[in-house]
$ cat final_31.txt   # compact mmCIF, C-alpha atoms
# COMPACT_ATOMS: atom_id res chain seq x y z
CA MET A 214 0.00 0.00 0.00
CA LEU A 215 1.16 3.53 -0.76
CA LEU A 216 0.70 4.92 2.74
CA SER A 217 2.94 2.36 4.41
CA ARG A 218 5.93 3.75 2.54
CA LEU A 219 5.45 7.42 3.36
CA LEU A 220 7.74 9.18 5.80
CA PRO A 221 6.22 9.52 9.28
CA LEU A 222 5.87 12.76 11.16
CA THR A 223 4.06 12.30 14.47
CA GLN A 224 4.02 8.49 14.41
CA PRO A 225 6.83 6.01 13.87
CA ARG A 226 5.32 4.64 10.64
CA LEU A 227 2.71 6.99 9.21
CA SER A 228 0.77 10.18 9.64
CA THR A 229 -1.77 11.84 7.39
CA SER A 230 -2.92 15.44 7.32
CA ARG A 231 -5.96 17.33 6.02
CA LEU A 232 -5.54 19.37 2.89
CA ALA A 233 -4.56 22.87 3.92
CA HIS A 234 -6.84 25.68 2.71
CA THR A 235 -4.11 27.81 1.19
CA PRO A 236 -3.42 29.32 -2.25
CA HIS A 237 -1.53 26.15 -3.16
CA ALA A 238 -3.79 23.33 -4.23
CA LEU A 239 -2.84 20.08 -2.54
CA ARG A 240 -0.48 21.69 -0.03
CA LEU A 241 1.57 18.88 1.46
CA ARG A 242 1.94 19.99 5.04
CA ALA A 243 5.06 19.26 7.04
CA SER A 244 4.64 19.73 10.79
CA PHE A 245 7.45 17.95 12.55
CA ALA A 246 6.12 18.24 16.10
CA THR A 247 6.89 14.89 17.68
CA THR A 248 8.13 13.28 20.87
CA VAL A 249 10.58 11.19 18.84
CA PRO A 250 14.04 12.82 18.77
CA ARG A 251 14.86 14.06 15.31
CA LYS A 252 18.18 15.18 13.93
CA MET A 253 17.02 16.49 10.54
CA LYS A 254 13.74 17.90 9.34
CA VAL A 255 12.43 19.77 6.33
CA LEU A 256 9.96 22.64 6.51
CA PRO A 257 8.20 23.67 3.27
CA VAL A 258 7.70 27.41 2.76
CA PRO A 259 5.16 28.13 -0.02
CA VAL A 260 6.16 31.10 -2.19
CA ARG A 261 4.73 32.75 -5.31
CA ASP A 262 1.66 30.99 -6.74
CA ASP A 263 2.83 27.39 -6.62
CA ASN A 264 6.54 27.31 -5.74
CA TYR A 265 8.10 25.73 -2.70
CA ALA A 266 11.09 27.05 -0.82
CA TYR A 267 12.30 24.89 2.06
CA LEU A 268 14.18 25.07 5.32
CA LEU A 269 16.56 22.15 5.78
CA ILE A 270 16.98 22.05 9.56
CA ASP A 271 19.60 20.37 11.71
CA ASP A 272 17.95 19.89 15.11
CA VAL A 273 21.27 19.34 16.87
CA SER A 274 22.76 22.73 16.01
CA ASN A 275 19.49 24.59 15.25
CA GLU A 276 21.06 25.61 11.96
CA ALA A 277 19.20 25.63 8.66
CA ALA A 278 19.80 26.01 4.95
CA ALA A 279 17.20 27.79 2.84
CA VAL A 280 16.46 25.96 -0.41
CA ASP A 281 15.40 28.23 -3.29
CA PRO A 282 14.51 31.13 -0.93
CA TYR A 283 12.63 33.26 -3.45
CA ASP A 284 10.73 35.20 -0.75
CA VAL A 285 13.41 36.01 1.82
CA PRO A 286 11.13 37.72 4.38
CA LYS A 287 8.79 34.73 4.34
CA VAL A 288 11.65 32.26 4.65
CA ARG A 289 13.19 34.29 7.47
CA ALA A 290 9.84 34.38 9.28
CA ALA A 291 9.55 30.60 8.96
CA ALA A 292 13.06 30.20 10.39
CA ASP A 293 12.26 32.54 13.28
CA GLY A 294 9.08 30.59 13.97
CA ALA A 295 11.05 27.34 14.02
CA GLY A 296 13.74 28.84 16.26
CA VAL A 297 16.58 28.14 13.82
CA LYS A 298 19.44 30.15 12.36
CA ILE A 299 19.81 30.31 8.59
CA VAL A 300 23.43 29.58 7.67
CA ALA A 301 23.28 28.85 3.92
CA ALA A 302 21.19 28.98 0.77
CA ILE A 303 20.91 26.12 -1.71
CA THR A 304 19.77 26.84 -5.28
CA THR A 305 18.41 24.08 -7.53
CA HIS A 306 18.75 26.01 -10.82
CA HIS A 307 18.99 29.52 -12.24
CA HIS A 308 15.34 30.17 -13.20
CA PHE A 309 14.08 33.35 -11.54
CA ASP A 310 11.29 31.70 -9.55
CA HIS A 311 13.96 29.63 -7.77
CA SER A 312 17.00 31.94 -7.67
CA GLY A 313 15.24 35.31 -7.74
CA GLY A 314 15.61 35.83 -4.00
CA ASN A 315 19.33 35.20 -3.88
CA LYS A 316 20.48 38.83 -3.96
CA SER A 317 18.10 39.71 -1.16
CA PHE A 318 19.26 36.63 0.71
CA ALA A 319 22.90 37.67 0.35
CA ALA A 320 22.07 41.11 1.73
CA ALA A 321 20.11 39.67 4.65
CA PHE A 322 22.62 36.91 5.46
CA PRO A 323 26.01 38.22 4.28
CA ASP A 324 28.00 35.46 5.96
CA ALA A 325 25.90 32.60 4.53
CA PRO A 326 27.22 30.80 1.44
CA ILE A 327 24.93 30.41 -1.56
CA TYR A 328 25.34 27.05 -3.32
CA GLY A 329 24.38 26.38 -6.93
CA GLY A 330 25.35 24.74 -10.18
CA SER A 331 26.48 27.64 -12.40
CA ASP A 332 27.44 31.30 -12.47
CA LYS A 333 24.00 32.05 -13.94
CA ILE A 334 22.72 31.84 -10.38
CA PRO A 335 22.58 35.30 -8.75
CA ALA A 336 24.87 35.95 -5.79
CA LEU A 337 26.46 32.52 -6.12
CA SER A 338 29.39 32.01 -3.74
CA LYS A 339 29.83 28.21 -3.75
CA LEU A 340 29.78 26.49 -7.14
CA VAL A 341 28.89 22.79 -6.92
CA LYS A 342 29.10 20.05 -9.51
CA ASP A 343 28.03 16.43 -9.61
CA LYS A 344 28.93 14.48 -6.45
CA ASP A 345 30.26 17.55 -4.62
CA GLU A 346 29.47 17.41 -0.91
CA PHE A 347 29.06 19.88 1.94
CA THR A 348 27.39 20.01 5.35
CA VAL A 349 24.73 22.02 7.15
CA GLY A 350 25.38 21.36 10.81
CA ASN A 351 25.22 17.58 11.07
CA ILE A 352 23.41 17.20 7.74
CA HIS A 353 25.35 15.79 4.81
CA VAL A 354 24.44 17.28 1.42
CA LYS A 355 25.45 15.67 -1.87
CA ALA A 356 24.98 17.44 -5.19
CA LEU A 357 23.51 15.38 -8.03
CA ALA A 358 23.81 16.98 -11.47
CA THR A 359 20.58 16.50 -13.42
CA PRO A 360 20.85 18.69 -16.53
CA CYS A 361 17.79 19.03 -18.77
CA HIS A 362 15.23 21.50 -17.43
CA THR A 363 18.28 23.72 -17.23
CA GLN A 364 21.87 22.71 -17.76
CA ASP A 365 22.71 23.86 -14.22
CA SER A 366 19.96 21.84 -12.53
CA ILE A 367 21.29 20.27 -9.34
CA CYS A 368 19.34 17.98 -7.04
CA TYR A 369 20.52 17.76 -3.44
CA TYR A 370 20.46 14.48 -1.53
CA VAL A 371 20.42 15.09 2.23
CA THR A 372 21.02 12.75 5.15
CA SER A 373 21.90 13.33 8.78
CA SER A 374 25.19 12.17 10.27
CA ALA A 375 23.71 12.27 13.77
CA GLY A 376 21.73 9.04 13.74
CA ALA A 377 18.50 10.61 12.57
CA ALA A 378 15.19 8.83 12.20
CA HIS A 379 14.62 10.73 8.95
CA PRO A 380 15.36 8.34 6.04
CA GLY A 381 16.88 11.06 3.87
CA GLY A 382 15.46 13.41 1.29
CA VAL A 383 16.19 14.92 -2.10
CA PHE A 384 15.43 18.46 -3.25
CA THR A 385 14.60 18.07 -6.92
CA GLY A 386 13.75 21.61 -8.04
CA ASP A 387 12.08 21.38 -11.46
CA THR A 388 13.59 18.03 -12.44
CA LEU A 389 11.32 15.54 -10.64
CA PHE A 390 7.80 16.38 -9.49
CA VAL A 391 5.23 14.20 -7.78
CA ALA A 392 3.92 12.13 -10.72
CA GLY A 393 5.73 14.34 -13.24
CA CYS A 394 8.92 16.06 -14.39
CA GLY A 395 10.03 19.46 -15.61
CA ARG A 396 9.98 20.75 -19.16
CA PHE A 397 13.09 20.25 -21.27
CA PHE A 398 13.95 23.93 -21.63
CA GLU A 399 17.69 23.39 -22.04
CA GLY A 400 17.91 19.67 -22.66
CA THR A 401 16.62 16.57 -24.37
CA GLY A 402 14.58 13.52 -23.59
CA ALA A 403 17.76 11.52 -23.25
CA GLU A 404 19.02 13.92 -20.60
CA MET A 405 15.78 13.83 -18.62
CA HIS A 406 15.76 10.05 -18.77
CA ALA A 407 19.33 10.05 -17.46
CA ALA A 408 18.41 12.52 -14.70
CA LEU A 409 15.40 10.54 -13.49
CA THR A 410 17.34 7.29 -13.71
CA TYR A 411 20.08 8.88 -11.60
CA LEU A 412 17.55 9.94 -8.95
CA GLY A 413 16.14 6.43 -9.09
CA THR A 414 19.42 5.09 -7.71
CA LEU A 415 18.70 6.77 -4.36
CA PRO A 416 17.23 4.60 -1.59
CA GLY A 417 13.54 3.94 -2.16
CA GLU A 418 12.56 5.58 1.14
CA THR A 419 14.17 8.90 0.13
CA VAL A 420 11.56 11.66 0.46
CA VAL A 421 11.05 13.84 -2.63
CA TYR A 422 10.92 17.61 -2.02
CA ASP A 423 10.09 19.18 -5.37
CA GLY A 424 9.92 22.79 -6.47
CA HIS A 425 6.25 23.27 -7.38
CA GLU A 426 2.80 22.11 -6.36
CA TYR A 427 1.79 20.49 -9.66
CA THR A 428 0.40 17.26 -8.21
CA LYS A 429 -3.21 17.61 -9.33
CA GLY A 430 -2.35 18.33 -12.99
CA ASN A 431 0.32 15.66 -13.06
CA LEU A 432 -2.11 13.11 -11.68
CA ALA A 433 -4.65 13.97 -14.39
CA PHE A 434 -2.07 13.42 -17.12
CA ALA A 435 -0.78 10.21 -15.55
CA LYS A 436 -4.33 8.84 -15.49
CA HIS A 437 -4.66 9.78 -19.15
CA VAL A 438 -1.62 7.79 -20.28
CA ASP A 439 -1.64 5.05 -17.61
CA PRO A 440 -5.31 4.70 -16.60
CA GLU A 441 -5.13 1.22 -15.09
CA ASN A 442 -2.20 1.96 -12.80
CA PRO A 443 -3.42 1.09 -9.27
CA ALA A 444 -0.93 3.45 -7.65
CA LEU A 445 -2.66 6.37 -9.37
CA ALA A 446 -6.01 5.16 -8.16
CA ARG A 447 -4.71 5.13 -4.59
CA LEU A 448 -3.31 8.64 -4.91
CA GLU A 449 -6.54 9.91 -6.45
CA GLY A 450 -8.49 8.31 -3.62
CA LEU A 451 -6.44 10.14 -1.03
CA ILE A 452 -7.00 13.45 -2.77
CA ALA A 453 -10.71 12.87 -3.33
CA ALA A 454 -11.16 12.00 0.35
CA GLY A 455 -9.57 15.27 1.36
CA THR A 456 -6.59 13.54 2.93
CA ILE A 457 -3.06 13.56 1.62
CA PRO A 458 0.25 12.18 2.85
CA ALA A 459 1.59 14.24 5.72
CA GLN A 460 4.82 14.60 3.82
CA ARG A 461 5.89 14.35 0.26
CA THR A 462 6.17 10.98 -1.37
CA THR A 463 9.24 8.86 -1.94
CA ILE A 464 11.51 7.70 -4.74
CA ALA A 465 9.83 4.28 -4.46
CA ASP A 466 6.39 5.85 -4.92
CA GLU A 467 7.53 7.77 -8.00
CA LYS A 468 8.69 4.51 -9.57
CA GLU A 469 5.13 3.23 -9.20
CA TRP A 470 3.08 6.17 -10.40
CA ASN A 471 5.22 8.65 -12.32
CA PRO A 472 4.80 8.06 -16.08
CA PHE A 473 8.15 9.72 -16.80
CA VAL A 474 9.84 7.06 -14.67
CA ARG A 475 7.84 4.21 -16.25
CA LEU A 476 8.95 4.58 -19.86
CA ASP A 477 9.29 0.85 -20.49
CA SER A 478 5.83 0.00 -19.12
CA ALA A 479 3.26 -1.23 -21.63
CA PRO A 480 0.81 1.68 -21.13
CA ILE A 481 3.48 4.34 -21.66
CA GLN A 482 4.91 2.52 -24.66
CA LYS A 483 1.42 2.39 -26.15
CA ALA A 484 0.62 6.05 -25.40
CA THR A 485 3.84 7.30 -27.01
CA GLY A 486 4.17 4.91 -29.94
CA GLY A 487 7.02 3.05 -28.24
CA GLY A 488 10.73 2.92 -28.87
CA GLU A 489 13.86 3.37 -26.84
CA ALA A 490 13.85 5.49 -23.70
CA SER A 491 14.91 8.87 -25.09
CA VAL A 492 12.34 8.69 -27.91
CA VAL A 493 9.58 7.71 -25.51
CA MET A 494 10.59 10.48 -23.10
CA ASP A 495 10.42 13.13 -25.84
CA ALA A 496 7.06 11.86 -27.02
CA LEU A 497 5.66 11.71 -23.49
CA ARG A 498 6.82 15.24 -22.73
CA ASN A 499 5.15 16.50 -25.91
CA LEU A 500 1.94 14.78 -24.88
CA LYS A 501 2.11 16.43 -21.47
CA ASN A 502 2.88 19.84 -22.95
CA ASN A 503 -0.28 19.64 -25.07
CA PHE A 504 -2.49 17.95 -22.46
CA ARG A 505 -5.58 19.95 -21.54
CA GLY A 506 -7.43 17.37 -19.48
$ encode --input "final_31.txt" --output "structure tokens"
Amino acid sequence: MLLSRLLPLTQPRLSTSRLAHTPHALRLRASFATTVPRKMKVLPVPVRDDNYAYLLIDDVSNEAAAVDPYDVPKVRAAADGAGVKIVAAITTHHHFDHSGGNKSFAAAFPDAPIYGGSDKIPALSKLVKDKDEFTVGNIHVKALATPCHTQDSICYYVTSSAGAAHPGGVFTGDTLFVAGCGRFFEGTGAEMHAALTYLGTLPGETVVYDGHEYTKGNLAFAKHVDPENPALARLEGLIAAGTIPAQRTTIADEKEWNPFVRLDSAPIQKATGGGEASVVMDALRNLKNNFRG
């Protein structure tokens, strides 16, 4: 069952949460109040119309990194509310809705490094490439280069070195979404296939923290091209019932319901006309781009 694989918040195995009545449809809430000691946690900070910034928090040091902090006052307020000190910014790619707050961030936090994958990123101070590593308190961060949406797209795999209960997470920006992927603005189907395959090598329990709330539209398209997939039916049931996972879903879940990760499945082969992975990926992305369902 889908729910048994989702990361717990207030219970050791599972917690669900009501859909928040906020400007973001399908807000996936992340309250980490718990009696279980935690070493790492992730706090989503909704920004713009459908973007997510995040606070990556080390509970041991009370230090945090801000991921794609587009709205610096809002991110700072979230950090103040959580009682943590922002010590770094992490940028997934150069698009303005992700990096547009970097100059304000640099002014507000002049001693905090700003990590990113190219000099196209405003106020960049720490350039990272594939497999580069750094720390935020006791949290280990590994950069995973996933060029396609942009050529400087970096996903960040995070784990705690302090014996955390958190199974690890990955900030995917506009590369991997829940049940979807980003447009190929600077890349090809072959590159997106390589990027998603790369992310698929992470442990199955890794929690996916993506850059936009696109779940509802992605689910509609996935049902269109893969209508008999039982994982989609389970996800739709959760949404229709007004309940959603208390945190974002995992790499293992994406392998079950994300059509862009299921290129060799019979339904996706049929929907796209078939062929090798890069051809199918290009065809599937074109279908999604033109989908109006």
$ closest_residue --input "final_31.txt" --among "A:Pro440, A:Gly393, A:Gly506, A:Gly450" --to "Ala479 (chain A)" --atoms "all atoms listed in the file"
A:Pro440
$ residues_around --input "final_31.txt" --residues "region 299-307 of chain A" --least-positions-apart "5" --cutoff "6 Å" --atoms "only C-alpha atoms" --output "VMD selection string"
chain A and resid 276 to 281 312 325 to 329 333 to 334 365 to 367 386
$ residues_around --input "final_31.txt" --residues "Pro257 (chain A)" --least-positions-apart "4" --cutoff "7 Å" --atoms "all atoms listed in the file" --output "list in words"
Ala243, Tyr265, Ala266, Tyr267 and Leu268 of chain A
$ closest_residue --input "final_31.txt" --among "A:Val438, A:Leu445, A:Val285, A:Val349" --to "Thr485 (chain A)" --atoms "all atoms listed in the file"
A:Val438
$ residues_around --input "final_31.txt" --residues "region 406-416 of chain A" --least-positions-apart "6" --cutoff "12 Å" --atoms "only C-alpha atoms" --output "PyMOL selection string"
chain A and resi 343-344+355-364+366-372+380-385+387-390+392-395+397+400+463-469+471-477+489-495+497-498
$ closest_residue --input "final_31.txt" --among "A:Thr428, A:Asn502, A:Ser331, A:Ser338" --to "Phe318 (chain A)" --atoms "only C-alpha atoms"
A:Ser338
$ atom_distance --input "final_31.txt" --atom1 "CA of Asp262 (chain A)" --atom2 "CA of Pro335 (chain A)"
21.5 Å
$ atom_distance --input "final_31.txt" --atom1 "CA of Gly296 (chain A)" --atom2 "CA of Thr462 (chain A)"
26.2 Å
$ atom_distance --input "final_31.txt" --atom1 "CA of Val255 (chain A)" --atom2 "CA of Leu337 (chain A)"
22.7 Å
$ axis_aligned_box --input "final_31.txt" --around "region 359-368 of chain A" --padding-each-side "6 Å" --output "JSON"
{"center_x": 19.0, "center_y": 20.2, "center_z": -12.9, "size_x": 19.5, "size_y": 19.4, "size_z": 23.7}
$ decode --input "final_31.txt" --residues "region 442-455 of chain A" --atoms "all heavy atoms" --output "mmCIF file, in the first residue's frame"
data_model
loop_
_atom_site.group_PDB
_atom_site.id
_atom_site.type_symbol
_atom_site.label_atom_id
_atom_site.label_comp_id
_atom_site.auth_asym_id
_atom_site.auth_seq_id
_atom_site.Cartn_x
_atom_site.Cartn_y
_atom_site.Cartn_z
ATOM 1 N N ASN A 442 -3.235 2.044 -13.816
ATOM 2 C CA ASN A 442 -2.196 1.959 -12.798
ATOM 3 C C ASN A 442 -2.819 2.076 -11.407
ATOM 4 O O ASN A 442 -3.369 3.123 -11.052
ATOM 5 C CB ASN A 442 -1.172 3.081 -13.005
ATOM 6 C CG ASN A 442 0.016 2.987 -12.074
ATOM 7 O OD1 ASN A 442 -0.054 2.388 -11.012
ATOM 8 N ND2 ASN A 442 1.102 3.600 -12.477
ATOM 9 N N PRO A 443 -2.755 1.037 -10.581
ATOM 10 C CA PRO A 443 -3.416 1.094 -9.274
ATOM 11 C C PRO A 443 -2.799 2.112 -8.327
ATOM 12 O O PRO A 443 -3.488 2.609 -7.433
ATOM 13 C CB PRO A 443 -3.257 -0.332 -8.733
ATOM 14 C CG PRO A 443 -2.082 -0.896 -9.461
ATOM 15 C CD PRO A 443 -2.112 -0.265 -10.827
ATOM 16 N N ALA A 444 -1.538 2.432 -8.508
ATOM 17 C CA ALA A 444 -0.928 3.449 -7.652
ATOM 18 C C ALA A 444 -1.597 4.801 -7.852
ATOM 19 O O ALA A 444 -1.814 5.550 -6.897
ATOM 20 C CB ALA A 444 0.568 3.552 -7.943
ATOM 21 N N LEU A 445 -1.963 5.119 -9.092
ATOM 22 C CA LEU A 445 -2.656 6.370 -9.367
ATOM 23 C C LEU A 445 -4.044 6.375 -8.742
ATOM 24 O O LEU A 445 -4.502 7.403 -8.231
ATOM 25 C CB LEU A 445 -2.757 6.594 -10.876
ATOM 26 C CG LEU A 445 -1.437 6.797 -11.610
ATOM 27 C CD1 LEU A 445 -1.678 6.870 -13.108
ATOM 28 C CD2 LEU A 445 -0.732 8.046 -11.114
ATOM 29 N N ALA A 446 -4.692 5.255 -8.775
ATOM 30 C CA ALA A 446 -6.006 5.163 -8.156
ATOM 31 C C ALA A 446 -5.916 5.409 -6.656
ATOM 32 O O ALA A 446 -6.784 6.070 -6.065
ATOM 33 C CB ALA A 446 -6.630 3.794 -8.440
ATOM 34 N N ARG A 447 -4.874 4.894 -6.020
ATOM 35 C CA ARG A 447 -4.707 5.128 -4.587
ATOM 36 C C ARG A 447 -4.453 6.606 -4.299
ATOM 37 O O ARG A 447 -5.018 7.179 -3.361
ATOM 38 C CB ARG A 447 -3.562 4.270 -4.054
ATOM 39 C CG ARG A 447 -3.856 2.781 -4.055
ATOM 40 C CD ARG A 447 -2.869 2.018 -3.169
ATOM 41 N NE ARG A 447 -1.473 2.178 -3.560
ATOM 42 C CZ ARG A 447 -0.865 1.402 -4.451
ATOM 43 N NH1 ARG A 447 -1.532 0.432 -5.070
ATOM 44 N NH2 ARG A 447 0.405 1.593 -4.726
ATOM 45 N N LEU A 448 -3.589 7.227 -5.104
ATOM 46 C CA LEU A 448 -3.310 8.639 -4.910
ATOM 47 C C LEU A 448 -4.557 9.487 -5.135
ATOM 48 O O LEU A 448 -4.859 10.404 -4.368
ATOM 49 C CB LEU A 448 -2.184 9.088 -5.843
ATOM 50 C CG LEU A 448 -1.800 10.560 -5.755
ATOM 51 C CD1 LEU A 448 -1.347 10.934 -4.350
ATOM 52 C CD2 LEU A 448 -0.714 10.891 -6.771
ATOM 53 N N GLU A 449 -5.303 9.177 -6.176
ATOM 54 C CA GLU A 449 -6.539 9.909 -6.445
ATOM 55 C C GLU A 449 -7.527 9.744 -5.301
ATOM 56 O O GLU A 449 -8.232 10.689 -4.927
ATOM 57 C CB GLU A 449 -7.162 9.427 -7.751
ATOM 58 C CG GLU A 449 -8.416 10.206 -8.135
ATOM 59 C CD GLU A 449 -9.003 9.729 -9.449
ATOM 60 O OE1 GLU A 449 -8.872 8.535 -9.758
ATOM 61 O OE2 GLU A 449 -9.608 10.562 -10.153
ATOM 62 N N GLY A 450 -7.595 8.542 -4.739
ATOM 63 C CA GLY A 450 -8.494 8.306 -3.619
ATOM 64 C C GLY A 450 -8.145 9.157 -2.415
ATOM 65 O O GLY A 450 -9.031 9.690 -1.738
ATOM 66 N N LEU A 451 -6.860 9.289 -2.140
ATOM 67 C CA LEU A 451 -6.437 10.138 -1.029
ATOM 68 C C LEU A 451 -6.857 11.586 -1.248
ATOM 69 O O LEU A 451 -7.363 12.260 -0.345
ATOM 70 C CB LEU A 451 -4.916 10.062 -0.872
ATOM 71 C CG LEU A 451 -4.344 8.769 -0.299
ATOM 72 C CD1 LEU A 451 -2.830 8.774 -0.423
ATOM 73 C CD2 LEU A 451 -4.750 8.614 1.149
ATOM 74 N N ILE A 452 -6.655 12.063 -2.468
ATOM 75 C CA ILE A 452 -6.996 13.449 -2.772
ATOM 76 C C ILE A 452 -8.509 13.658 -2.714
ATOM 77 O O ILE A 452 -9.000 14.629 -2.127
ATOM 78 C CB ILE A 452 -6.443 13.836 -4.152
ATOM 79 C CG1 ILE A 452 -4.913 13.817 -4.111
ATOM 80 C CG2 ILE A 452 -6.946 15.216 -4.573
ATOM 81 C CD1 ILE A 452 -4.273 13.930 -5.473
ATOM 82 N N ALA A 453 -9.259 12.746 -3.300
ATOM 83 C CA ALA A 453 -10.713 12.870 -3.330
ATOM 84 C C ALA A 453 -11.308 12.839 -1.928
ATOM 85 O O ALA A 453 -12.323 13.490 -1.651
ATOM 86 C CB ALA A 453 -11.319 11.756 -4.177
ATOM 87 N N ALA A 454 -10.672 12.098 -1.030
ATOM 88 C CA ALA A 454 -11.161 11.996 0.346
ATOM 89 C C ALA A 454 -10.774 13.197 1.186
ATOM 90 O O ALA A 454 -11.189 13.309 2.340
ATOM 91 C CB ALA A 454 -10.623 10.719 0.990
ATOM 92 N N GLY A 455 -10.007 14.101 0.621
ATOM 93 C CA GLY A 455 -9.573 15.273 1.357
ATOM 94 C C GLY A 455 -8.408 15.009 2.273
ATOM 95 O O GLY A 455 -8.067 15.846 3.115
#
